[in-house]
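Encoded as structure tokens, the structure appears first; notes follow it.
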Amino acid sequence: MRGQPNVVLINCDDLGCYGSTRNATPALDRLAADGVRFDSF
């Protein structure tokens, strides 16, 4: 049996990985750097 993929969907405004300097989000920035990031939704 094949395992199911691990999927994490985070929908949030003002993340550093999208260029925001308003809030510090280092853990989410690392997660975005190591995964898939969508910027046209």
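Chain labels follow the order of the structure tokens: the first chain is A, the next B, and so on; residue numbering restarts at 1 in every chain, and ligands are counted from 1 in their shown order.
For region 2-13 of chain A, the non-local neighbours within 10 Å, defined as residues at least 4 positions apart in the same chain or in other chains and counting only C-alpha atoms, are Tyr18, Ser20, Asn23, Leu28, Leu31, Ala32, Gly35 and Arg37 of chain A.
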Item to check | Close residues, Thr25 (chain A) itself excluded, 9 Å, only C-alpha atoms, min 6 positions apart in chain, as a PyMOL selection string | outcome: chain A and resi 14-17
Checklist entry - Using the chain letters and numbers from this document, which residues of chain A does DSSP assign to helix (DSSP H, G or I), as a VMD selection string? => result chain A and resid 16 to 18 26 to 34
